[in-house]
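J.: This is the content of coords30.txt (compact mmCIF, C-alpha atoms):
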# COMPACT_ATOMS: atom_id res chain seq x y z
CA MET A 279 0.00 0.00 0.00
CA VAL A 280 1.32 3.41 -0.98
CA VAL A 281 1.28 5.87 1.92
CA PRO A 282 0.40 9.37 0.70
CA PRO A 283 2.79 12.17 1.66
CA LEU A 284 1.84 14.24 4.70
CA ILE A 285 2.46 17.41 2.73
CA GLN A 286 1.83 17.65 -1.00
CA MET A 287 1.97 21.07 -2.66
CA ARG A 288 1.94 21.94 -6.34
CA GLY A 289 2.54 25.40 -7.80
CA ILE A 290 1.73 27.15 -4.52
CA GLY A 291 1.92 30.91 -4.57
CA VAL A 292 1.20 33.30 -1.71
CA ARG A 293 0.84 37.05 -1.99
CA MET A 294 0.82 39.58 0.83
CA GLY A 295 -1.08 42.42 -0.75
CA ARG A 296 0.57 42.82 -4.12
CA THR A 297 3.87 41.33 -3.03
CA PRO A 298 4.48 37.70 -4.00
CA VAL A 299 6.06 35.91 -1.03
CA LEU A 300 5.96 32.33 -2.28
CA ARG A 301 6.14 31.52 -6.01
CA GLN A 302 5.32 28.32 -7.89
CA LEU A 303 6.35 26.23 -4.94
CA ASP A 304 6.30 22.43 -5.05
CA LEU A 305 6.84 20.40 -1.92
CA SER A 306 6.31 16.83 -0.86
CA VAL A 307 7.12 15.52 2.61
CA ALA A 308 6.63 11.88 3.53
CA ALA A 309 5.76 10.37 6.91
CA GLY A 310 8.83 9.90 9.08
CA GLU A 311 10.79 12.58 7.26
CA VAL A 312 12.57 15.52 8.87
CA VAL A 313 13.23 18.36 6.46
CA GLY A 314 15.45 21.32 7.18
CA ILE A 315 14.68 24.64 5.54
CA ARG A 316 17.19 27.40 5.15
CA GLY A 317 16.99 30.80 3.60
CA SER A 318 17.90 34.38 4.23
CA ASN A 319 15.70 36.83 6.11
CA GLY A 320 12.58 37.66 4.13
CA SER A 321 12.91 34.65 1.85
CA GLY A 322 9.45 33.38 2.82
CA LYS A 323 10.27 30.68 5.40
CA THR A 324 7.71 31.80 7.96
CA THR A 325 5.04 32.27 5.29
CA LEU A 326 5.77 28.75 4.01
CA LEU A 327 5.34 27.25 7.49
CA ARG A 328 2.15 29.22 8.13
CA THR A 329 0.77 28.12 4.76
CA ILE A 330 1.48 24.48 5.59
CA ALA A 331 -0.13 25.08 9.01
CA THR A 332 -3.24 26.16 7.00
CA LEU A 333 -3.19 29.59 8.64
CA ILE A 334 -2.53 31.26 5.29
CA LYS A 335 -4.61 30.39 2.26
CA PRO A 336 -2.52 30.21 -0.92
CA SER A 337 -3.31 32.64 -3.70
CA GLU A 338 -2.54 30.01 -6.33
CA GLY A 339 -1.73 26.33 -6.68
CA THR A 340 -3.13 23.29 -4.94
CA GLY A 341 -2.04 21.34 -1.92
CA GLU A 342 -2.93 18.93 0.79
CA VAL A 343 -1.70 18.75 4.35
CA LEU A 344 -2.48 15.59 6.32
CA GLY A 345 -5.00 14.74 3.63
CA ALA A 346 -6.89 18.03 3.86
CA GLY A 347 -7.01 20.38 0.89
CA LEU A 348 -5.53 23.80 1.63
CA ASP A 349 -8.61 25.46 0.17
CA THR A 350 -11.20 23.20 1.80
CA GLU A 351 -12.89 23.39 5.18
CA ASP A 352 -11.20 20.11 6.12
CA ARG A 353 -8.11 22.14 6.90
CA TYR A 354 -9.71 23.30 10.16
CA LEU A 355 -10.03 19.69 11.24
CA VAL A 356 -6.36 18.83 10.77
CA ARG A 357 -4.99 21.85 12.64
CA PRO A 358 -4.94 20.11 16.03
CA ARG A 359 -2.65 17.48 14.44
CA ILE A 360 -0.15 20.17 13.40
CA GLY A 361 2.33 21.54 15.91
CA LEU A 362 3.48 25.02 14.98
CA ILE A 363 6.24 26.76 16.86
CA GLY A 364 6.44 30.20 15.34
CA HIS A 365 8.36 33.41 15.86
CA GLU A 366 5.90 34.69 18.43
CA ALA A 367 5.33 32.36 21.36
CA ALA A 368 1.86 30.84 21.33
CA LEU A 369 1.24 31.55 25.00
CA LEU A 370 -1.45 33.22 27.07
CA GLU A 371 0.81 35.94 28.41
CA ALA A 372 -0.68 36.75 31.81
CA LEU A 373 -1.10 33.11 32.76
CA THR A 374 1.59 31.01 34.42
CA LEU A 375 3.47 28.32 32.53
CA TRP A 376 1.44 25.74 34.43
CA GLU A 377 -1.87 27.38 33.48
CA ASN A 378 -0.74 27.61 29.86
CA THR A 379 0.22 23.96 29.75
CA ALA A 380 -2.93 22.81 31.55
CA PHE A 381 -4.99 24.91 29.10
CA VAL A 382 -3.40 23.09 26.15
CA ALA A 383 -3.84 19.74 27.88
CA ARG A 384 -7.59 20.26 28.22
CA PHE A 385 -7.98 21.03 24.52
CA ALA A 386 -5.74 18.10 23.60
CA GLY A 387 -7.84 15.72 25.68
CA LYS A 388 -5.03 15.21 28.19
CA THR A 389 -4.98 15.35 31.97
CA ASP A 390 -3.26 17.70 34.40
CA ASP A 391 -0.83 14.87 35.13
CA ASP A 392 0.12 14.82 31.45
CA ALA A 393 0.65 18.58 31.59
CA ALA A 394 2.87 18.23 34.66
CA ALA A 395 4.86 15.47 32.95
CA ALA A 396 5.37 17.65 29.84
CA LEU A 397 6.66 20.51 31.99
CA GLU A 398 9.00 18.08 33.72
CA VAL A 399 10.45 16.88 30.39
CA VAL A 400 11.19 20.43 29.24
CA GLY A 401 12.67 21.39 32.61
CA LEU A 402 10.07 23.93 33.68
CA THR A 403 8.67 22.26 36.79
CA ARG A 404 10.34 24.71 39.15
CA ALA A 405 9.33 27.71 37.06
CA ARG A 406 5.75 26.57 36.50
CA HIS A 407 4.20 29.33 38.62
CA ARG A 408 5.89 32.13 36.70
CA ALA A 409 3.72 34.17 34.35
CA ALA A 410 4.59 33.61 30.70
CA ASN A 411 5.28 37.30 30.20
CA ASP A 412 7.83 37.20 33.03
CA CYS A 413 9.83 34.39 31.44
CA SER A 414 12.93 34.56 29.28
CA ALA A 415 12.78 33.74 25.57
CA GLY A 416 14.36 30.36 26.25
CA MET A 417 11.82 29.46 28.92
CA ARG A 418 8.98 30.50 26.64
CA ARG A 419 10.40 28.24 23.95
CA ARG A 420 10.53 25.37 26.43
CA ALA A 421 6.89 26.00 27.29
CA GLU A 422 6.11 25.64 23.61
CA PHE A 423 7.97 22.33 23.55
CA ALA A 424 5.69 21.20 26.38
CA ARG A 425 2.70 22.14 24.22
CA ILE A 426 4.05 20.04 21.34
CA LEU A 427 4.66 17.05 23.63
CA LEU A 428 1.06 17.30 24.81
CA ILE A 429 -0.65 17.60 21.45
CA GLU A 430 1.57 14.88 19.88
CA PRO A 431 1.30 16.33 16.38
CA THR A 432 1.59 14.31 13.21
CA LEU A 433 3.28 17.27 11.59
CA LEU A 434 5.72 19.58 13.37
CA LEU A 435 6.55 23.00 11.92
CA PHE A 436 9.42 24.63 13.70
CA ASP A 437 10.42 28.21 12.91
CA GLU A 438 13.86 29.43 14.00
CA ALA A 439 14.29 26.24 15.97
CA HIS A 440 17.33 27.24 17.98
CA ALA A 441 16.61 30.91 18.58
CA GLY A 442 17.20 31.91 22.20
CA LEU A 443 18.07 28.42 23.39
CA ASP A 444 20.98 27.34 25.56
CA SER A 445 22.85 24.09 24.86
CA GLU A 446 20.62 22.07 27.18
CA ALA A 447 17.47 23.34 25.50
CA THR A 448 19.00 22.71 22.10
CA ALA A 449 18.92 19.00 22.90
CA LEU A 450 15.20 19.39 23.51
CA VAL A 451 14.71 20.46 19.89
CA GLU A 452 16.02 17.12 18.76
CA HIS A 453 13.97 15.33 21.41
CA VAL A 454 10.76 17.02 20.27
CA VAL A 455 11.48 16.40 16.58
CA LYS A 456 12.30 12.76 17.19
CA SER A 457 9.17 12.24 19.29
CA VAL A 458 7.10 13.33 16.29
CA GLN A 459 9.14 11.27 13.87
CA ALA A 460 8.83 8.19 16.06
CA GLN A 461 5.05 8.28 15.61
CA ASP A 462 5.34 8.30 11.83
CA GLY A 463 5.00 12.03 11.74
CA ALA A 464 7.12 14.54 9.85
CA ALA A 465 8.85 17.76 10.75
CA LEU A 466 9.95 20.88 8.91
CA VAL A 467 12.66 22.71 10.78
CA VAL A 468 13.78 26.23 9.93
CA SER A 469 17.08 27.16 11.52
CA HIS A 470 19.98 29.44 10.82
CA GLN A 471 22.23 27.07 12.71
CA GLU A 472 22.59 24.20 10.27
CA ASP A 473 25.30 22.50 12.31
CA ARG A 474 22.68 21.96 15.00
CA THR A 475 19.95 20.64 12.72
CA ALA A 476 22.16 18.54 10.44
CA PRO A 477 22.28 15.53 12.80
CA PHE A 478 18.54 14.93 12.61
CA THR A 479 17.41 16.24 9.22
CA ASP A 480 17.00 13.87 6.27
CA ARG A 481 17.33 16.58 3.64
CA VAL A 482 17.61 20.33 3.42
CA LEU A 483 15.63 22.68 1.20
CA GLN A 484 16.73 26.13 0.20
CA LEU A 485 14.19 28.94 0.03
CA ASN A 486 15.22 32.05 -1.82
CA ASP A 487 12.95 34.85 -2.90
CA GLY A 488 9.89 32.65 -2.43
CA ARG A 489 11.22 29.74 -4.53
CA LEU A 490 12.15 26.38 -3.08
CA TRP A 491 14.70 23.83 -4.21
CA GLU A 492 16.81 21.01 -2.82
CA ALA A 493 19.96 22.38 -1.23
CA GLU A 494 23.29 20.94 -2.26
CA MET S 196 -10.31 14.19 20.81
CA SER S 197 -12.95 16.85 20.33
CA VAL S 198 -13.77 18.99 23.35
CA PRO S 199 -17.49 19.83 23.67
CA PHE S 200 -18.54 23.35 22.70
CA TRP S 201 -19.54 24.48 26.18
CA SER S 202 -16.40 23.02 27.78
CA GLN S 203 -14.34 25.03 25.29
CA THR S 204 -16.37 28.14 26.08
CA VAL S 205 -15.96 27.75 29.84
CA GLU S 206 -12.25 27.05 29.51
CA LEU S 207 -11.72 30.13 27.36
CA ALA S 208 -13.79 32.39 29.61
CA LYS S 209 -11.92 31.13 32.68
CA SER S 210 -8.52 31.75 31.11
CA ASP S 211 -9.64 35.24 30.02
CA LEU S 212 -10.87 36.15 33.49
CA ARG S 213 -7.75 34.73 35.09
CA SER S 214 -5.63 36.86 32.74
CA GLU S 215 -7.66 39.91 33.67
CA LEU S 216 -7.31 39.24 37.39
CA ARG S 217 -3.53 39.04 36.94
CA ALA S 218 -3.30 42.15 34.79
CA GLY S 219 -5.87 43.96 36.94
CA GLU S 220 -6.58 46.54 34.27
CA VAL S 221 -10.35 46.55 34.61
CA LEU S 222 -10.48 46.29 38.38
CA ALA S 223 -7.56 48.52 39.23
CA ILE S 224 -7.70 51.13 36.47
CA THR S 225 -11.03 51.26 34.68
CA ILE S 226 -13.30 51.19 37.73
CA PRO S 227 -11.54 54.06 39.57
CA PHE S 228 -11.55 56.13 36.37
CA GLY S 229 -15.26 55.44 35.93
CA ALA S 230 -15.94 56.54 39.49
CA VAL S 231 -13.94 59.74 38.93
CA ALA S 232 -15.92 60.45 35.74
CA LEU S 233 -19.19 60.10 37.68
CA LEU S 234 -17.82 62.35 40.39
CA LEU S 235 -16.79 65.12 37.98
CA ILE S 236 -20.19 65.62 36.37
CA PRO S 237 -21.94 66.94 39.55
CA PHE S 238 -19.06 69.37 39.98
CA ALA S 239 -19.66 70.69 36.47
CA ILE S 240 -23.43 70.96 36.94
CA GLY S 241 -23.52 72.25 40.50
CA THR S 242 -25.76 71.31 43.38
CA ASP S 243 -29.00 71.26 41.43
CA VAL S 244 -30.34 68.07 43.06
CA PRO S 245 -33.49 67.67 40.92
CA LEU S 246 -31.39 68.01 37.78
CA LEU S 247 -28.78 65.55 39.04
CA ARG S 248 -31.54 63.12 39.93
CA GLN S 249 -32.96 63.46 36.43
CA ILE S 250 -29.70 63.00 34.54
CA GLY S 251 -28.24 60.40 36.95
CA PRO S 252 -29.30 57.28 35.03
CA GLY S 253 -28.16 58.74 31.72
CA MET S 254 -24.77 59.69 33.15
CA TYR S 255 -24.38 56.25 34.72
CA TRP S 256 -25.08 54.40 31.48
CA ALA S 257 -22.94 56.80 29.44
CA VAL S 258 -20.01 56.11 31.77
CA VAL S 259 -20.69 52.36 31.56
CA LEU S 260 -20.66 52.59 27.77
CA LEU S 261 -17.50 54.69 27.56
CA PHE S 262 -15.54 52.60 30.02
CA GLY S 263 -16.94 49.38 28.60
CA MET S 264 -15.26 50.44 25.36
CA LEU S 265 -12.00 50.85 27.26
CA VAL S 266 -12.34 47.29 28.53
CA ALA S 267 -12.81 46.11 24.94
CA GLN S 268 -9.90 48.21 23.75
CA ARG S 269 -7.53 46.67 26.27
CA ARG S 270 -8.74 43.19 25.41
CA THR S 271 -8.16 43.84 21.70
CA ALA S 272 -4.62 44.84 22.56
CA SER S 273 -4.07 41.47 24.23
CA GLU S 274 -5.01 39.62 21.02
CA GLY S 275 -1.48 39.03 19.73
CA GLN S 276 -0.42 36.77 16.89
CA GLY S 277 0.87 34.14 19.31
CA ARG S 278 -2.45 33.89 21.10
CA ARG S 279 -4.37 33.73 17.82
CA ASP S 280 -2.07 30.97 16.57
CA LEU S 281 -2.53 29.00 19.79
CA ILE S 282 -6.31 29.19 19.58
CA GLY S 283 -6.37 28.42 15.86
CA MET S 284 -3.98 25.48 16.02
CA LEU S 285 -5.64 23.89 19.05
CA GLY S 286 -8.74 23.54 16.90
CA VAL S 287 -10.83 25.76 19.15
CA ASP S 288 -14.31 26.27 17.68
CA PRO S 289 -14.40 29.96 16.66
CA ALA S 290 -17.98 30.21 17.91
CA ALA S 291 -16.86 28.86 21.31
CA TYR S 292 -14.01 31.35 21.29
CA PHE S 293 -16.45 34.19 20.57
CA THR S 294 -18.85 32.98 23.26
CA GLY S 295 -16.12 32.49 25.85
CA ARG S 296 -14.60 35.91 25.24
CA THR S 297 -18.02 37.54 25.30
CA ALA S 298 -18.89 35.81 28.57
CA ALA S 299 -15.63 36.96 30.18
CA THR S 300 -16.13 40.53 28.95
CA ALA S 301 -19.73 40.52 30.21
CA VAL S 302 -18.57 39.42 33.67
CA LEU S 303 -16.01 42.25 33.72
CA ILE S 304 -18.59 44.81 32.63
CA VAL S 305 -21.08 43.54 35.24
CA ALA S 306 -18.36 43.98 37.89
CA PHE S 307 -17.77 47.50 36.60
CA GLU S 308 -21.49 48.28 36.65
CA LEU S 309 -22.02 46.86 40.15
CA VAL S 310 -19.19 48.84 41.67
CA LEU S 311 -20.29 52.08 40.02
CA TRP S 312 -23.97 51.66 40.77
CA PRO S 313 -23.84 52.67 44.46
CA VAL S 314 -21.46 55.49 43.51
CA ALA S 315 -24.00 56.81 41.03
CA VAL S 316 -26.86 56.41 43.51
CA ALA S 317 -24.93 58.36 46.15
CA LEU S 318 -23.71 61.15 43.87
CA TYR S 319 -26.91 61.71 41.95
CA ASP S 320 -29.34 61.21 44.81
CA ALA S 321 -31.22 58.76 42.63
CA ARG S 322 -34.44 57.22 43.87
CA ILE S 323 -33.75 53.64 44.76
CA SER S 324 -37.17 52.43 43.56
CA GLY S 325 -36.31 53.43 39.99
CA TRP S 326 -32.83 52.06 40.25
CA ALA S 327 -34.17 48.66 41.26
CA TRP S 328 -34.71 48.03 37.56
CA THR S 329 -30.98 48.34 37.21
CA GLY S 330 -30.87 44.75 38.47
CA LEU S 331 -32.36 43.72 35.14
CA LEU S 332 -30.61 46.32 33.03
CA ILE S 333 -27.12 45.54 34.35
CA PRO S 334 -26.86 42.06 32.78
CA LEU S 335 -28.72 43.12 29.62
CA VAL S 336 -26.40 46.06 28.97
CA ALA S 337 -23.33 44.06 29.97
CA ILE S 338 -24.18 41.23 27.57
CA GLY S 339 -25.02 43.66 24.76
CA LEU S 340 -21.86 45.67 25.25
CA ALA S 341 -19.77 42.51 25.56
CA LEU S 342 -21.24 41.07 22.36
CA LEU S 343 -20.70 44.31 20.51
CA THR S 344 -17.16 44.88 21.71
CA THR S 345 -16.17 41.26 21.04
CA VAL S 346 -17.46 41.39 17.46
CA VAL S 347 -15.91 44.79 16.82
CA GLY S 348 -12.72 43.90 18.68
CA SER S 349 -12.24 40.78 16.53
CA ILE S 350 -12.72 42.77 13.35
CA ALA S 351 -10.50 45.60 14.56
CA ALA S 352 -7.73 43.18 15.58
CA GLN S 353 -7.12 42.59 11.87
CA SER S 354 -6.15 46.20 11.42
CA ARG S 355 -2.94 47.82 12.60
CA SER S 356 -5.00 50.65 14.03
CA GLY S 357 -7.32 48.14 15.71
CA GLN S 358 -7.23 49.68 19.16
CA THR S 359 -8.14 53.09 17.80
CA LEU S 360 -10.94 51.66 15.72
CA VAL S 361 -12.74 49.96 18.64
CA PRO S 362 -14.28 53.08 20.24
CA LEU S 363 -15.01 54.62 16.84
CA LEU S 364 -17.00 51.56 15.81
CA VAL S 365 -18.52 50.63 19.16
CA ALA S 366 -19.81 54.07 20.20
CA PRO S 367 -22.36 54.56 17.39
CA LEU S 368 -23.42 50.92 17.44
CA ALA S 369 -24.01 51.02 21.19
CA ILE S 370 -26.46 53.93 20.96
CA PRO S 371 -29.55 51.66 21.04
CA LEU S 372 -28.25 50.07 24.25
CA LEU S 373 -27.56 53.43 25.87
CA LEU S 374 -30.87 54.82 24.70
CA ALA S 375 -32.87 51.82 25.90
CA ALA S 376 -31.16 51.67 29.30
CA THR S 377 -31.66 55.39 29.90
CA GLN S 378 -35.22 55.38 28.61
CA VAL S 379 -36.20 52.54 30.95
CA HIS S 380 -35.37 54.83 33.89
CA GLU S 381 -37.12 57.78 32.25
CA ALA S 382 -40.23 55.70 31.55
CA LEU S 383 -40.31 54.51 35.15
CA ARG S 384 -39.97 58.08 36.40
CA LEU S 385 -42.93 59.13 34.26
CA GLY S 386 -44.93 55.99 35.05
CA LYS S 387 -44.85 54.73 31.46
CA GLY S 388 -44.30 51.17 30.15
CA ILE S 389 -40.79 49.82 29.67
CA LEU S 390 -41.51 46.70 27.66
CA GLY S 391 -40.65 48.32 24.33
CA TRP S 392 -37.21 49.42 25.52
CA LEU S 393 -36.47 46.04 27.09
CA THR S 394 -37.55 44.33 23.86
CA LEU S 395 -35.17 46.58 21.94
CA MET S 396 -32.27 45.55 24.18
CA VAL S 397 -33.09 41.84 24.05
CA THR S 398 -33.52 41.97 20.26
CA MET S 399 -30.24 43.79 19.82
CA ASN S 400 -28.47 41.24 22.02
CA LEU S 401 -29.94 38.35 20.05
CA VAL S 402 -28.96 39.90 16.71
CA LEU S 403 -25.43 40.53 17.95
CA ALA S 404 -25.14 36.99 19.35
CA VAL S 405 -26.22 35.43 16.05
CA ALA S 406 -23.97 37.78 14.05
CA GLY S 407 -21.04 37.00 16.31
CA VAL S 408 -21.43 33.24 16.08
CA VAL S 409 -22.04 33.25 12.32
CA THR S 410 -19.07 35.51 11.55
CA ALA S 411 -16.69 33.94 14.08
CA ARG S 412 -15.04 31.57 11.58
CA PRO S 413 -14.61 34.08 8.71
CA ILE S 414 -13.22 36.68 11.11
CA GLN S 415 -10.79 34.19 12.63
CA GLU S 416 -9.63 33.07 9.19
CA ALA S 417 -9.19 36.64 8.00
CA GLN S 418 -6.64 37.16 10.76
Any chance you could put this one into structure tokens?

T.:
Amino acid sequence: MVVPPLIQMRGIGVRMGRTPVLRQLDLSVAAGEVVGIRGSNGSGKTTLLRTIATLIKPSEGTGEVLGAGLDTEDRYLVRPRIGLIGHEAALLEALTLWENTAFVARFAGKTDDDAAAALEVVGLTRARHRAANDCSAGMRRRAEFARILLIEPTLLLFDEAHAGLDSEATALVEHVVKSVQAQDGAALVVSHQEDRTAPFTDRVLQLNDGRLWEAE
Amino acid sequence: MSVPFWSQTVELAKSDLRSELRAGEVLAITIPFGAVALLLIPFAIGTDVPLLRQIGPGMYWAVVLLFGMLVAQRRTASEGQGRRDLIGMLGVDPAAYFTGRTAATAVLIVAFELVLWPVAVALYDARISGWAWTGLLIPLVAIGLALLTTVVGSIAAQSRSGQTLVPLLVAPLAIPLLLAATQVHEALRLGKGILGWLTLMVTMNLVLAVAGVVTARPIQEAQ
């Protein structure tokens, strides 16, 4: 039996106003694959991840993510199976790290014990009563890792994976990616630190000026 | 696993209220400012007790409206990209999100109204018998204002000038609420019926609730 790719995009284009951000982009990512994405600032990496996350509707082209068409209402249904770690931390700022994690757990159908375990894995148990907006960038990133561990996504989209992380937290990136991969999921990892992503990526794509190709 | 609609709504309202309690903007800033606004008007008018008694309800509801908009404005400011992404990617039902946010805003506005009510009664020498109807008007106005500010706040959040837009859009749309609330007191003072004004408020609230639920998904996707 042929397993369909988790991401399949053909001729995808995205415009922000009149400005084309992604152009004629083709992409296929299979289950179990970890793909690195590199590109200079403004090359369209974040837009690509947000398009795959179904948060941006393409202006042209066709595509499917986890079997849902990018222009169909099915895309709403697959969102909970996609873990997006973006530039801006997806946190409820005035709430503590514990409250944030417990909030995610409830929507993911998990228990408070699961939330506590996720915080333990990412090393935030002692800091769990700190408000998200009082935490450092690295701690906020760790809290996002806890969210990913709780929702157990089939597809992980990781923007600027190593930004603001110390060496210990860097190991968590690999841990989170591998936990998704181990469940036959896939991950797209954007990072400017290729030496850190190289050990766990299967291939690297280059995004320049909204166009995507296999990096050498 | 799909979380039931009302569980989502309660969870979202709880997290909103918890955030507000931490930030303390409504309780610590908006309420004192509202009280000061009510206090200033008698100074401007003078000690004309009959006049104060007559305009008291109108002043009270005008202050509720103006400061209710401030509550909405602050809540629009808290709608960052990260929060929107979290809600969107968790698969939260946009209608549940709208309902939860509206419920939290309504609770905050009710708190605002309840604290200011005795202040208004004391400053404007209002007759308590007339003000008893406030018990019914308080939740009706709070729900209406919460519905209106949540709809407008969601639309305005798409714009860079969102926070500025909120009062500009809410003020004219809230006129029926202000008018109905004030006219209920006026009708009671004159011994007239209030059913028409109450019907106006309930109808407006129902229209806003339906509009909010129906447009929740398109508004969320437009962000």

J.: Within 12 Å of chain S, which residues of chain A come that close, and what is the closest atom pair and distance in Å for each? Count only C-alpha atoms and give it as a Markdown table.

T.:
| residue | atom | partner | partner_atom | distance |
| --- | --- | --- | --- | --- |
| A:Arg328 | CA | S:Asp280 | CA | 9.6 |
| A:Ile330 | CA | S:Met284 | CA | 11.8 |
| A:Ala331 | CA | S:Met284 | CA | 8.0 |
| A:Thr332 | CA | S:Met284 | CA | 9.1 |
| A:Leu333 | CA | S:Glu416 | CA | 7.3 |
| A:Ile334 | CA | S:Glu416 | CA | 8.3 |
| A:Lys335 | CA | S:Glu416 | CA | 9.0 |
| A:Asp349 | CA | S:Glu416 | CA | 11.8 |
| A:Glu351 | CA | S:Arg412 | CA | 10.6 |
| A:Asp352 | CA | S:Gly286 | CA | 11.6 |
| A:Arg353 | CA | S:Gly286 | CA | 10.1 |
| A:Tyr354 | CA | S:Gly286 | CA | 6.8 |
| A:Leu355 | CA | S:Gly286 | CA | 7.0 |
| A:Val356 | CA | S:Gly286 | CA | 8.1 |
| A:Arg357 | CA | S:Met284 | CA | 5.1 |
| A:Pro358 | CA | S:Leu285 | CA | 4.9 |
| A:Arg359 | CA | S:Met284 | CA | 8.3 |
| A:Ile360 | CA | S:Met284 | CA | 7.1 |
| A:Gly361 | CA | S:Met284 | CA | 7.4 |
| A:Leu362 | CA | S:Met284 | CA | 7.5 |
| A:Ile363 | CA | S:Asp280 | CA | 9.3 |
| A:Gly364 | CA | S:Gly277 | CA | 7.9 |
| A:His365 | CA | S:Gly277 | CA | 8.3 |
| A:Glu366 | CA | S:Gly277 | CA | 5.1 |
| A:Ala367 | CA | S:Gly277 | CA | 5.2 |
| A:Ala368 | CA | S:Gly277 | CA | 4.0 |
| A:Leu369 | CA | S:Arg278 | CA | 5.9 |
| A:Leu370 | CA | S:Arg278 | CA | 6.1 |
| A:Glu371 | CA | S:Ser214 | CA | 7.8 |
| A:Ala372 | CA | S:Ser214 | CA | 5.0 |
| A:Leu373 | CA | S:Ser214 | CA | 5.9 |
| A:Thr374 | CA | S:Ser214 | CA | 9.4 |
| A:Glu377 | CA | S:Ser210 | CA | 8.3 |
| A:Asn378 | CA | S:Ser210 | CA | 8.9 |
| A:Thr379 | CA | S:Leu281 | CA | 11.5 |
| A:Ala380 | CA | S:Glu206 | CA | 10.4 |
| A:Phe381 | CA | S:Glu206 | CA | 7.6 |
| A:Val382 | CA | S:Leu285 | CA | 7.5 |
| A:Ala383 | CA | S:Leu285 | CA | 9.9 |
| A:Arg384 | CA | S:Val198 | CA | 8.0 |
| A:Phe385 | CA | S:Val198 | CA | 6.2 |
| A:Ala386 | CA | S:Met196 | CA | 6.6 |
| A:Gly387 | CA | S:Met196 | CA | 5.7 |
| A:Lys388 | CA | S:Met196 | CA | 9.1 |
| A:Arg408 | CA | S:Arg217 | CA | 11.7 |
| A:Ala409 | CA | S:Arg217 | CA | 9.1 |
| A:Ala410 | CA | S:Ser214 | CA | 10.9 |
| A:Asn411 | CA | S:Ala218 | CA | 10.9 |
| A:Arg418 | CA | S:Gly277 | CA | 11.5 |
| A:Glu422 | CA | S:Leu281 | CA | 10.0 |
| A:Arg425 | CA | S:Leu281 | CA | 9.7 |
| A:Ile426 | CA | S:Leu285 | CA | 10.7 |
| A:Leu428 | CA | S:Leu285 | CA | 11.0 |
| A:Ile429 | CA | S:Leu285 | CA | 8.4 |
| A:Glu430 | CA | S:Leu285 | CA | 11.6 |
| A:Pro431 | CA | S:Met284 | CA | 10.6 |
| A:Leu433 | CA | S:Met284 | CA | 11.8 |
| A:Leu434 | CA | S:Met284 | CA | 11.7 |
| A:Leu435 | CA | S:Met284 | CA | 11.6 |

J.: If you measure from CA of Thr297 (chain A) to CA of Gly320 (chain A), what distance in Å do you get, rounded to one decimal?

T.: 11.9 Å

J.: Go through A:Leu284, A:Leu326, A:Ala405, A:Ala465 one by one, measure the shortest atom-to-atom distance of each to Val299 (chain A) using all atoms listed in the file, and give the residue with the smallest value.

T.: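 Ranked by minimum distance to Val299 (chain A), first place goes to A:Leu326.
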
J.: For a test of reading the model, state the distance in Å between CA of Leu373 (chain S) and CA of Leu233 (chain S), rounded to one decimal.

T.: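 Computing the Euclidean distance for CA of Leu373 (chain S) and CA of Leu233 (chain S) yields 15.9 Å.
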
J.: Between CA of Leu427 (chain A) and CA of Trp201 (chain S), what is the spacing in Å?

T.: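 Atom-to-atom, CA of Trp201 (chain S) to CA of Leu427 (chain A), that is 25.4 Å.
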
J.: From the list A:Arg489, A:Arg293, A:His407, A:His470, which residue is nearest Arg316 (chain A) when using only C-alpha atoms?

T.: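 Looking only at the distances to Arg316 (chain A), the closest residue turns out to be A:His470.
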
J.: For each of A:Glu452, A:Asp392, A:Glu311, A:Glu338, take the minimum atom-to-atom distance to His440 (chain A), counting only C-alpha atoms, then give the residue where this is smallest.

T.: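 Answer, going by the shortest atom-to-atom distance: A:Glu452.
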
J.: Between S:Leu309, S:Leu265, S:Pro289, S:Trp392, which is the closest to Ile333 (chain S) once you count all atoms listed in the file?

T.: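 Closest residue, counting all atoms listed in the file: S:Leu309.
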
J.: Considering all atoms listed in the file, return as a CSV table (one decimal) with C-alpha atoms, keeping the file's coordinate frame whatever protein or nucleic-acid residues lie within 7 Å of Ser321 (chain A), sequence-local ones (same chain, fewer than 4 positions apart) excluded.

T.:
chain,number,residue,atom,x,y,z
A,317,GLY,CA,17.0,30.8,3.6
A,485,LEU,CA,14.2,28.9,0.0
A,486,ASN,CA,15.2,32.0,-1.8
A,487,ASP,CA,13.0,34.8,-2.9
A,488,GLY,CA,9.9,32.6,-2.4

J.: Ranking S:Thr225, S:Thr345, S:Gln268, S:Thr294 by minimum distance to Ala306 (chain S) and counting only C-alpha atoms, which one comes first?

T.: S:Thr225

J.: Residues at most 7 Å from Val454 (chain A), counting all atoms listed in the file, excluding those fewer than 4 positions away in the same chain, as a PyMOL selection string?

T.: chain A and resi 423+427+450+458

J.: Excluding same-chain residues fewer than 6 positions from Arg406 (chain A), what lies within 8 Å of it counting all atoms listed in the file, as a list in words?

T.: Thr374, Leu375, Trp376 and Leu397 of chain A

J.: Using all atoms listed in the file, pick whichever of S:His380, S:Lys387, S:Arg248, S:Arg270 has the shortest atom-to-atom distance to Leu303 (chain S).

T.: S:Arg270

J.: Here's a test: counting only C-alpha atoms, identify every protein, DNA and RNA residue with an atom at most 7 Å from (6.8, 11.7, 12.8) in the file's coordinate frame, and state them as a PyMOL selection string.

T.: chain A and resi 309-311+432-433+457-465

J.: Write out as a list in words which residues come within 9 Å of Val316 (chain S) when counting all atoms listed in the file, dropping same-chain ones fewer than 4 positions away.

T.: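 Contacts, in chain order: Arg248, Gly251, Pro252, Leu311, Trp312, Asp320, Ala321, Arg322, Ile323 and Trp326 of chain S.
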